[in-house]
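protein_1.txt (compact mmCIF, C-alpha atoms and all ligand atoms)
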# COMPACT_ATOMS: atom_id res chain seq x y z
CA MET A 1 0.00 0.00 0.00
CA LYS A 2 1.30 3.48 -0.90
CA VAL A 3 0.71 6.27 1.57
CA LEU A 4 1.40 9.91 0.81
CA VAL A 5 2.20 12.00 3.88
CA ILE A 6 1.57 15.73 3.60
CA ASN A 7 2.73 18.43 5.98
CA SER A 8 1.24 21.59 4.63
CA GLY A 9 2.58 24.85 6.11
CA SER A 10 1.69 28.45 5.38
CA SER A 11 4.05 28.72 2.40
CA SER A 12 5.31 25.16 2.01
CA ILE A 13 4.29 21.55 1.44
CA LYS A 14 6.55 18.78 2.76
CA TYR A 15 5.74 15.31 1.47
CA GLN A 16 6.90 11.70 1.66
CA LEU A 17 5.57 8.73 -0.23
CA PHE A 18 5.79 5.50 1.79
CA LEU A 19 5.37 1.89 0.87
CA MET A 20 3.52 0.39 3.84
CA PRO A 21 3.72 -1.66 5.97
CA GLN A 22 7.35 -2.02 4.84
CA GLU A 23 7.91 1.61 5.93
CA LYS A 24 10.01 2.24 2.87
CA ILE A 25 10.31 5.81 1.59
CA LEU A 26 9.74 5.87 -2.18
CA ALA A 27 10.10 9.62 -2.63
CA ARG A 28 10.18 12.80 -0.60
CA GLY A 29 10.31 16.49 -1.15
CA LEU A 30 9.66 20.05 -0.15
CA LEU A 31 7.81 22.67 -2.08
CA GLU A 32 8.64 26.08 -0.69
CA LYS A 33 7.61 29.70 -1.14
CA ILE A 34 4.04 28.96 -2.19
CA GLY A 35 2.34 32.24 -3.04
CA LEU A 36 5.68 34.08 -2.92
CA SER A 37 8.21 34.79 -5.63
CA GLY A 38 10.83 32.14 -6.26
CA SER A 39 8.74 29.02 -5.47
CA MET A 40 10.89 25.92 -5.62
CA LEU A 41 10.31 22.18 -5.48
CA HIS A 42 13.09 19.98 -4.05
CA HIS A 43 12.30 16.36 -4.82
CA SER A 44 14.22 13.14 -4.39
CA ARG A 45 13.59 9.49 -5.04
CA GLU A 46 15.37 6.79 -3.16
CA GLU A 47 17.81 5.73 -5.82
CA SER A 48 18.13 8.95 -7.80
CA SER A 49 19.68 12.26 -6.93
CA LYS A 50 17.75 15.30 -5.82
CA ILE A 51 16.08 17.47 -8.44
CA GLU A 52 15.02 21.07 -8.09
CA ILE A 53 12.23 22.64 -10.09
CA SER A 54 11.73 26.34 -9.98
CA THR A 55 8.21 27.44 -10.87
CA GLU A 56 5.65 30.03 -9.78
CA ILE A 57 3.09 28.45 -7.45
CA LYS A 58 0.19 30.60 -6.34
CA ASP A 59 -1.56 28.34 -3.83
CA HIS A 60 -1.63 24.92 -2.15
CA HIS A 61 -3.95 23.46 -4.77
CA GLN A 62 -1.51 24.25 -7.55
CA GLY A 63 1.36 23.17 -5.31
CA LEU A 64 -0.14 19.77 -4.64
CA ARG A 65 -0.85 19.29 -8.34
CA ILE A 66 2.86 19.83 -9.06
CA VAL A 67 3.80 17.42 -6.25
CA LEU A 68 1.52 14.74 -7.76
CA GLU A 69 2.85 15.38 -11.27
CA THR A 70 6.40 15.03 -9.96
CA LEU A 71 5.61 11.83 -8.03
CA SER A 72 4.24 10.26 -11.24
CA HIS A 73 6.79 11.78 -13.60
CA PRO A 74 8.25 9.20 -16.04
CA GLN A 75 11.83 10.25 -15.27
CA TYR A 76 11.99 11.19 -11.59
CA GLY A 77 8.67 9.94 -10.30
CA ALA A 78 8.22 6.99 -7.94
CA ILE A 79 4.87 5.80 -9.33
CA GLU A 80 3.43 5.52 -12.82
CA GLN A 81 -0.03 6.87 -12.12
CA ILE A 82 -1.33 8.95 -9.23
CA ASP A 83 -4.06 6.39 -8.65
CA GLU A 84 -1.35 4.16 -7.18
CA ILE A 85 -1.61 6.34 -4.06
CA ASN A 86 -3.90 4.39 -1.72
CA ALA A 87 -4.20 6.87 1.14
CA VAL A 88 -3.05 10.31 2.26
CA GLY A 89 -2.01 11.23 5.81
CA HIS A 90 -2.05 14.88 6.86
CA ARG A 91 -0.32 16.56 9.74
CA ILE A 92 -2.90 18.79 11.43
CA VAL A 93 -1.62 21.00 14.21
CA HIS A 94 -4.77 21.62 16.28
CA GLY A 95 -7.49 19.11 16.93
CA GLY A 96 -8.86 20.92 20.00
CA GLU A 97 -10.39 18.70 22.67
CA LYS A 98 -12.34 16.75 20.10
CA TYR A 99 -9.59 14.58 18.64
CA THR A 100 -7.74 12.21 20.91
CA ALA A 101 -6.34 10.10 18.07
CA SER A 102 -5.83 10.14 14.31
CA CYS A 103 -9.05 10.02 12.29
CA LEU A 104 -10.39 9.52 8.82
CA VAL A 105 -11.14 12.85 7.14
CA ASN A 106 -14.84 13.57 6.57
CA ASP A 107 -17.03 16.68 6.46
CA ASN A 108 -17.35 16.82 10.24
CA LEU A 109 -13.62 16.67 10.71
CA VAL A 110 -13.04 19.40 8.14
CA SER A 111 -15.50 21.73 9.88
CA ALA A 112 -13.92 20.98 13.26
CA VAL A 113 -10.44 21.74 11.92
CA ARG A 114 -11.83 24.94 10.44
CA LYS A 115 -13.27 25.88 13.83
CA PHE A 116 -9.89 25.27 15.51
CA CYS A 117 -8.27 27.78 13.10
CA GLU A 118 -9.12 30.34 15.77
CA LEU A 119 -6.80 28.47 18.18
CA ALA A 120 -4.02 27.90 15.61
CA PRO A 121 -4.33 30.72 13.10
CA LEU A 122 -0.91 30.15 11.55
CA HIS A 123 -1.10 26.38 11.21
CA ASN A 124 -4.62 25.02 10.78
CA PRO A 125 -5.55 27.10 7.67
CA PRO A 126 -2.66 25.72 5.55
CA ASN A 127 -3.26 22.21 6.95
CA LEU A 128 -6.84 22.53 5.81
CA ALA A 129 -5.74 23.80 2.41
CA GLY A 130 -3.74 20.55 2.05
CA ILE A 131 -6.82 18.43 2.82
CA GLU A 132 -8.96 20.43 0.42
CA ALA A 133 -6.43 20.20 -2.39
CA CYS A 134 -6.23 16.41 -1.92
CA GLU A 135 -10.01 16.11 -1.89
CA GLU A 136 -10.10 17.82 -5.27
CA LEU A 137 -7.14 16.10 -6.88
CA LEU A 138 -7.41 12.62 -5.30
CA SER A 139 -11.13 12.56 -4.64
CA SER A 140 -11.59 8.82 -4.13
CA VAL A 141 -8.51 8.32 -1.94
CA PRO A 142 -9.10 8.07 1.84
CA GLN A 143 -7.41 10.76 3.89
CA VAL A 144 -6.38 10.66 7.52
CA ALA A 145 -5.76 13.57 9.88
CA VAL A 146 -2.97 13.14 12.44
CA PHE A 147 -3.14 15.85 15.09
CA ASP A 148 -0.19 17.38 16.97
CA THR A 149 -2.47 17.89 19.95
CA ALA A 150 -4.03 14.40 20.09
CA PHE A 151 -1.30 12.65 22.09
CA HIS A 152 -1.66 15.21 24.89
CA GLN A 153 -5.39 14.69 25.33
CA THR A 154 -4.61 12.14 28.07
CA ILE A 155 -3.32 14.94 30.35
CA ALA A 156 -5.47 15.32 33.49
CA ASP A 157 -7.57 18.43 34.17
CA HIS A 158 -5.35 19.56 37.06
CA ALA A 159 -2.44 19.66 34.61
CA TYR A 160 -4.18 21.12 31.57
CA LEU A 161 -6.15 23.87 33.33
CA TYR A 162 -4.72 27.28 34.11
CA ALA A 163 -5.62 28.87 37.42
CA ILE A 164 -7.73 31.62 35.85
CA PRO A 165 -11.51 32.04 36.09
CA TYR A 166 -13.03 28.71 35.10
CA ALA A 167 -15.54 30.44 32.84
CA TYR A 168 -12.77 31.09 30.28
CA TYR A 169 -12.30 27.37 29.92
CA GLU A 170 -16.03 26.74 29.74
CA LYS A 171 -16.70 29.51 27.26
CA TYR A 172 -13.52 29.65 25.19
CA ARG A 173 -11.73 26.34 25.88
CA VAL A 174 -8.69 28.19 27.25
CA ARG A 175 -6.46 25.36 28.54
CA ARG A 176 -3.18 23.59 27.83
CA TYR A 177 -3.32 21.64 24.57
CA GLY A 178 0.34 20.84 23.95
CA PHE A 179 1.97 20.35 20.56
CA HIS A 180 4.65 18.20 18.86
CA GLY A 181 2.50 15.25 20.03
CA THR A 182 3.33 13.03 17.06
CA SER A 183 7.05 13.48 17.71
CA HIS A 184 6.80 12.83 21.47
CA ARG A 185 4.67 9.73 20.81
CA TYR A 186 7.11 8.41 18.21
CA VAL A 187 10.30 8.87 20.22
CA ALA A 188 8.77 7.47 23.43
CA LEU A 189 7.73 4.33 21.54
CA ARG A 190 11.11 4.04 19.87
CA ALA A 191 12.97 4.54 23.15
CA ALA A 192 11.03 1.71 24.82
CA ARG A 193 11.79 -0.55 21.85
CA MET A 194 15.48 0.35 21.93
CA LEU A 195 15.66 -0.80 25.53
CA GLY A 196 13.40 -3.80 24.92
CA LYS A 197 10.98 -2.72 27.66
CA PRO A 198 7.18 -2.38 27.56
CA LEU A 199 6.13 1.24 27.11
CA THR A 200 3.28 0.71 29.55
CA GLU A 201 5.76 0.24 32.42
CA LEU A 202 8.00 3.20 31.74
CA LYS A 203 8.35 6.79 32.94
CA ILE A 204 9.85 8.70 30.04
CA ILE A 205 10.70 12.37 29.54
CA THR A 206 10.97 13.35 25.89
CA CYS A 207 12.76 16.59 24.94
CA HIS A 208 11.90 17.81 21.42
CA LEU A 209 14.47 20.53 20.80
CA GLY A 210 14.16 22.06 17.33
CA ASN A 211 13.29 25.59 16.32
CA GLY A 212 10.27 25.05 18.49
CA CYS A 213 11.05 23.21 21.74
CA SER A 214 8.79 21.22 24.03
CA ILE A 215 9.15 18.58 26.69
CA THR A 216 6.66 15.87 27.64
CA ALA A 217 6.25 13.46 30.55
CA VAL A 218 5.10 10.10 29.17
CA LYS A 219 3.93 7.69 31.85
CA GLY A 220 2.91 4.21 30.76
CA GLY A 221 2.79 5.39 27.15
CA ARG A 222 0.44 8.31 27.87
CA SER A 223 1.27 12.00 27.90
CA VAL A 224 0.73 13.28 31.46
CA GLU A 225 2.35 16.72 31.14
CA THR A 226 3.77 18.86 28.37
CA SER A 227 5.37 22.27 28.27
CA MET A 228 3.61 23.94 25.34
CA GLY A 229 0.24 25.21 26.40
CA PHE A 230 -2.73 27.04 24.95
CA THR A 231 -0.35 27.95 22.12
CA PRO A 232 3.21 26.83 21.26
CA LEU A 233 4.57 29.89 23.07
CA GLU A 234 4.70 28.40 26.57
CA GLY A 235 7.45 26.34 28.14
CA LEU A 236 11.05 25.96 27.07
CA VAL A 237 13.26 28.66 25.54
CA MET A 238 13.08 28.33 21.75
CA GLY A 239 14.76 29.82 18.69
CA THR A 240 12.63 32.97 18.68
CA ARG A 241 9.93 32.23 21.31
CA SER A 242 10.29 33.24 24.94
CA GLY A 243 8.67 30.19 26.52
CA ASP A 244 7.55 30.72 30.14
CA LEU A 245 7.15 34.26 31.30
CA ASP A 246 5.36 36.12 34.07
CA PRO A 247 2.33 37.50 32.15
CA ALA A 248 2.91 40.79 33.99
CA VAL A 249 6.05 41.31 31.88
CA ALA A 250 3.83 41.65 28.83
CA PHE A 251 1.45 44.11 30.59
CA TYR A 252 4.38 46.16 31.83
CA LEU A 253 6.06 46.44 28.44
CA MET A 254 2.80 47.12 26.64
CA GLU A 255 2.04 50.00 29.00
CA LYS A 256 5.58 51.34 29.11
CA LEU A 257 6.19 51.25 25.36
CA ASN A 258 2.60 51.69 24.25
CA LEU A 259 2.68 48.41 22.33
CA SER A 260 -0.35 46.86 20.68
CA VAL A 261 -1.35 43.24 21.29
CA SER A 262 0.01 42.23 17.90
CA GLU A 263 3.32 44.01 18.56
CA MET A 264 3.67 42.18 21.88
CA LYS A 265 2.81 38.87 20.18
CA GLN A 266 5.48 39.56 17.60
CA ILE A 267 8.08 40.24 20.31
CA LEU A 268 7.32 37.06 22.27
CA ASN A 269 6.94 34.79 19.25
CA ARG A 270 9.52 36.10 16.83
CA GLU A 271 12.01 38.30 18.63
CA SER A 272 12.64 36.43 21.87
CA GLY A 273 14.23 33.10 22.83
CA LEU A 274 17.82 32.44 21.77
CA LEU A 275 17.57 35.26 19.24
CA GLY A 276 16.24 37.78 21.73
CA VAL A 277 18.85 37.18 24.41
CA SER A 278 21.87 36.64 22.17
CA GLU A 279 20.93 39.18 19.45
CA ILE A 280 22.77 36.81 17.14
CA GLY A 281 20.15 34.55 15.65
CA ASN A 282 17.76 31.72 16.30
CA ASP A 283 20.00 28.95 14.99
CA MET A 284 21.81 26.99 17.69
CA ARG A 285 24.85 26.50 15.46
CA ASP A 286 25.29 30.28 15.11
CA ILE A 287 24.93 30.70 18.87
CA TRP A 288 27.70 28.15 19.44
CA LYS A 289 29.99 29.86 16.92
CA ALA A 290 29.49 33.19 18.67
CA LYS A 291 30.04 31.64 22.09
CA GLU A 292 33.28 30.08 20.90
CA ALA A 293 34.34 33.50 19.64
CA GLY A 294 33.81 34.80 23.20
CA ASN A 295 30.42 36.48 22.83
CA PRO A 296 29.01 36.74 26.39
CA ARG A 297 25.40 37.06 25.28
CA ALA A 298 25.61 33.86 23.24
CA ASP A 299 26.89 32.21 26.40
CA LEU A 300 24.06 33.70 28.45
CA SER A 301 21.36 32.59 25.99
CA LEU A 302 22.70 29.04 26.15
CA ARG A 303 22.72 29.05 29.93
CA ILE A 304 19.12 30.26 30.04
CA PHE A 305 18.14 27.56 27.51
CA TRP A 306 19.83 24.79 29.54
CA HIS A 307 18.53 26.02 32.89
CA ARG A 308 14.91 26.08 31.73
CA LEU A 309 15.20 22.60 30.27
CA LYS A 310 16.76 21.24 33.44
CA LYS A 311 14.02 22.78 35.56
CA TYR A 312 11.39 21.03 33.48
CA ILE A 313 13.14 17.66 33.64
CA GLY A 314 13.13 17.87 37.44
CA ALA A 315 9.48 18.98 37.46
CA TYR A 316 8.38 16.15 35.19
CA ALA A 317 10.27 13.54 37.18
CA ALA A 318 8.35 14.90 40.19
CA VAL A 319 5.05 14.64 38.33
CA MET A 320 5.77 10.98 37.45
CA ASN A 321 7.45 10.08 40.75
CA GLY A 322 10.60 8.98 38.95
CA LEU A 323 12.31 8.64 35.63
CA ASP A 324 13.38 5.61 33.58
CA ILE A 325 14.35 7.21 30.28
CA LEU A 326 15.31 10.72 29.17
CA VAL A 327 15.09 11.18 25.40
CA PHE A 328 16.61 13.92 23.26
CA THR A 329 15.25 14.54 19.77
CA ALA A 330 14.89 17.09 16.90
CA GLY A 331 17.65 19.32 15.46
CA ILE A 332 19.28 20.38 18.74
CA GLY A 333 18.45 17.22 20.70
CA GLU A 334 19.83 14.93 18.01
CA ASN A 335 22.91 16.93 17.07
CA ASP A 336 24.09 19.16 19.89
CA TYR A 337 26.05 16.91 22.24
CA ARG A 338 27.23 19.83 24.33
CA THR A 339 23.66 20.84 25.14
CA ARG A 340 22.83 17.23 26.06
CA GLN A 341 25.86 17.09 28.33
CA LYS A 342 25.16 20.42 30.03
CA VAL A 343 21.56 19.53 30.70
CA CYS A 344 22.46 16.14 32.16
CA GLU A 345 25.18 17.55 34.44
CA GLY A 346 24.33 17.50 38.14
CA MET A 347 21.33 15.24 37.67
CA ASP A 348 22.70 12.27 39.59
CA TYR A 349 19.91 12.73 42.15
CA LEU A 350 17.59 11.54 39.35
CA GLY A 351 19.86 8.65 38.49
CA ILE A 352 21.14 10.33 35.34
CA GLU A 353 24.76 9.66 34.54
CA ILE A 354 25.86 10.46 31.03
CA ASP A 355 28.78 8.75 29.26
CA LYS A 356 30.58 11.85 27.98
CA LYS A 357 32.58 10.01 25.37
CA LYS A 358 29.61 8.14 23.95
CA ASN A 359 27.51 11.28 23.98
CA ALA A 360 30.14 13.32 22.12
CA ALA A 361 30.21 10.76 19.33
CA VAL A 362 26.46 10.88 18.64
CA GLN A 363 25.12 13.19 15.98
CA GLY A 364 21.80 12.53 14.31
CA GLU A 365 21.57 8.82 15.02
CA LYS A 366 19.82 6.75 17.65
CA ALA A 367 21.99 5.84 20.60
CA ILE A 368 22.12 5.22 24.32
CA ILE A 369 24.35 7.91 25.79
CA SER A 370 24.08 7.14 29.50
CA ALA A 371 26.79 5.27 31.38
CA ALA A 372 26.21 1.57 32.01
CA SER A 373 25.77 2.36 35.72
CA SER A 374 23.16 5.08 35.10
CA ARG A 375 19.83 4.23 36.77
CA ALA A 376 17.88 6.33 34.25
CA LYS A 377 18.83 5.72 30.64
CA VAL A 378 19.54 8.70 28.39
CA LEU A 379 18.80 8.22 24.70
CA VAL A 380 19.11 10.13 21.46
CA VAL A 381 16.24 9.18 19.16
CA PRO A 382 15.87 10.92 15.79
CA THR A 383 12.25 11.94 15.42
CA ASN A 384 10.17 10.84 12.45
CA GLU A 385 6.74 12.45 12.48
CA GLU A 386 6.15 11.50 8.85
CA LEU A 387 6.60 7.80 9.58
CA MET A 388 4.19 8.03 12.50
CA ILE A 389 1.64 9.71 10.22
CA ALA A 390 2.18 6.99 7.58
CA ARG A 391 1.68 4.27 10.22
CA ASP A 392 -1.56 5.80 11.52
CA THR A 393 -2.82 6.32 7.97
CA TYR A 394 -2.01 2.73 7.06
CA GLU A 395 -3.69 1.33 10.18
CA ILE A 396 -6.83 3.41 9.72
CA THR A 397 -7.26 2.84 5.99
CA LYS A 398 -5.90 -0.68 5.38
CA ARG A 399 -9.33 -2.26 5.65
CA LYS A 400 -10.74 0.22 3.13
CA THR A 401 -8.30 -0.21 0.26
P1 LIG B 501 12.27 22.48 13.11
O1 LIG B 501 11.62 22.76 14.41
O2 LIG B 501 12.23 23.64 12.16
O3 LIG B 501 11.90 21.15 12.48
P2 LIG B 501 14.87 21.23 13.59
O4 LIG B 501 14.35 20.06 14.33
O5 LIG B 501 15.44 21.01 12.24
O6 LIG B 501 13.80 22.40 13.50
O7 LIG B 501 15.96 21.93 14.51
C1 LIG B 501 16.58 23.13 14.15
C2 LIG B 501 17.59 23.49 15.23
O8 LIG B 501 18.55 22.42 15.33
C3 LIG B 501 18.35 24.75 14.92
O9 LIG B 501 18.48 25.55 16.08
C4 LIG B 501 19.71 24.23 14.52
O10 LIG B 501 20.73 25.12 14.79
C5 LIG B 501 19.83 23.00 15.41
N1 LIG B 501 20.90 22.13 14.95
C6 LIG B 501 20.97 21.40 13.82
N2 LIG B 501 22.17 20.78 13.71
C7 LIG B 501 22.88 21.14 14.81
C8 LIG B 501 24.18 20.84 15.31
N3 LIG B 501 25.02 20.06 14.64
N4 LIG B 501 24.56 21.40 16.48
C9 LIG B 501 23.74 22.20 17.17
N5 LIG B 501 22.50 22.52 16.76
C10 LIG B 501 22.07 22.00 15.60
For the structure just supplied, provide its representation as structure tokens.
Amino acid sequence: MKVLVINSGSSSIKYQLFLMPQEKILARGLLEKIGLSGSMLHHSREESSKIEISTEIKDHHQGLRIVLETLSHPQYGAIEQIDEINAVGHRIVHGGEKYTASCLVNDNLVSAVRKFCELAPLHNPPNLAGIEACEELLSSVPQVAVFDTAFHQTIADHAYLYAIPYAYYEKYRVRRYGFHGTSHRYVALRAARMLGKPLTELKIITCHLGNGCSITAVKGGRSVETSMGFTPLEGLVMGTRSGDLDPAVAFYLMEKLNLSVSEMKQILNRESGLLGVSEIGNDMRDIWKAKEAGNPRADLSLRIFWHRLKKYIGAYAAVMNGLDILVFTAGIGENDYRTRQKVCEGMDYLGIEIDKKKNAAVQGEKAIISAASSRAKVLVVPTNEELMIARDTYEITKRKT
């Protein structure tokens, strides 16, 4: 069975075509700058080299048509006809409280995702555009929605509610939703498999450290706490997002500088985090270069990043009454051994003992980086949200095709 996985962003479409259940990638690509000048498709097939097609693409519908044409292209395609695609899996960022698992797309689901656009104005509209384009171009093919929020729907009310007037939850569903759920679910599962232990018996903390960063406590395979909240702004320090903040800081600055709500949002979402403190950039590699060159602010931004992460690890071990596995994933988690080492330093009270040599040798591959004597195991697990989406799509649609 061939499953096309689509991750449709505001100006991009990422895709992978899988052969399932073999989990083999037949082709993958990225279409970027949709609706902007200089749109470009980067496409690759397993055995052939990458191709790049530069073309003007005005919207997601046209973008998806080009993706499908490329996938079935006689020279660089991976299929002969587009009707070889048996199912499509979509990454959908916000499923509200309604979706606790992946689901087949139908009219009800589409209207629910449309309703949740209010909660995820940057993400849900392009996700929806991807579904709509597929409905038009692949009308008879079943589609599955895989929600970033779904994994966190197991979190208890005392952990997902904010201590603000309850009416705001009742009326407007203001609560913690959590994001990156597909990634946390995937790496927790993988970590348990790597250690040959049943997920249902484990207390795992998963650290997804990319441009966006979040951390989740996974107890017995279920998310019991996560750091992103009502929006992806809460929690850890990120590339350009502040993470946790006393809300009074925002009121103070808005009053003092006469800032509008949208200006304040811009500051906290796009001008804060590593970028805001270091004034260098949002990319961890640039921060490291500057630190090595002696830049004190790069050093400070790293220390704030590590401290926040450490604080959360301790808090989540408290929430679970212990820790069996600590997992690092995504761009920083998979590649930045110095961050992994710094965060794990002084955590022997939690039974964390990192093997410095092993850790330093790991970049982008799965590995156990704790010392043999470490009570809690520390793992690097490369995330693979697309594979998780392909698996869910296969499981949900296999009886239909
Ligand atoms: P996204 O959230 O956009 O998917 P990624 O998971 O690709 O992001 O992570 C991007 C982050 O990973 C960037 O801050 C980047 O600097 C960092 N990163 C990638 N490779 C390395 C590396 N070798 N060392 C340190 N940081 C790295």
Quiz item: How would you write as an MDAnalysis selection string the residues that get within 6 Å of (12.6, 8.2, 26.7) in the file's frame, counting all atoms listed in the file?
Solution: chainID A and resid 188 191 204:206 325:327
Quiz prompt | Shell of 6 Å around ligand LIG 501 (chain B) (all atoms listed in the file), written as a PyMOL selection string | solution = chain A and resi 210-212+283-285+330-332+335-336
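The spacing separating atom CA of Cys134 of chain A from atom CA of His61 of chain A amounts to 7.9 Å.
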Quiz item: Quick one: residues within 7 Å of segment 63-79 of chain A, all atoms listed in the file counted, chain neighbours fewer than 4 positions away excluded, as a PyMOL selection string?
Solution: chain A and resi 26-27+45+57+59+84+133
Self-check item: Proximity to Thr231 of chain A - best of A:Gly333, A:Gly351, A:Gly281, A:Gly96, all atoms listed in the file
Solution: A:Gly96
Quiz prompt | Atom pair atom CA of Ile267 of chain A / atom CA of Leu236 of chain A: separation (Å) | solution =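 Going from atom CA of Ile267 of chain A over to atom CA of Leu236 of chain A, I get 16.1 Å.
When only C-alpha atoms are used to measure the gap to Ala318 of chain A, the shortest distance among A:Gly89, A:Val146, A:Ile155, A:Leu350 belongs to A:Leu350.
Restricting the calculation to all atoms listed in the file, the smallest distance between Asn269 of chain A and any of A:Lys366, A:Lys377, A:Arg241, A:Lys197 is found for A:Arg241.
Environment of (1.3, 14.3, 19.8): residues at most 7 Å away, judged by all atoms listed in the file, are Phe147, Asp148, Thr149, Ala150, Phe151, His152, Phe179, His180, Gly181, Thr182, Ser183, His184 and Arg185 of chain A.
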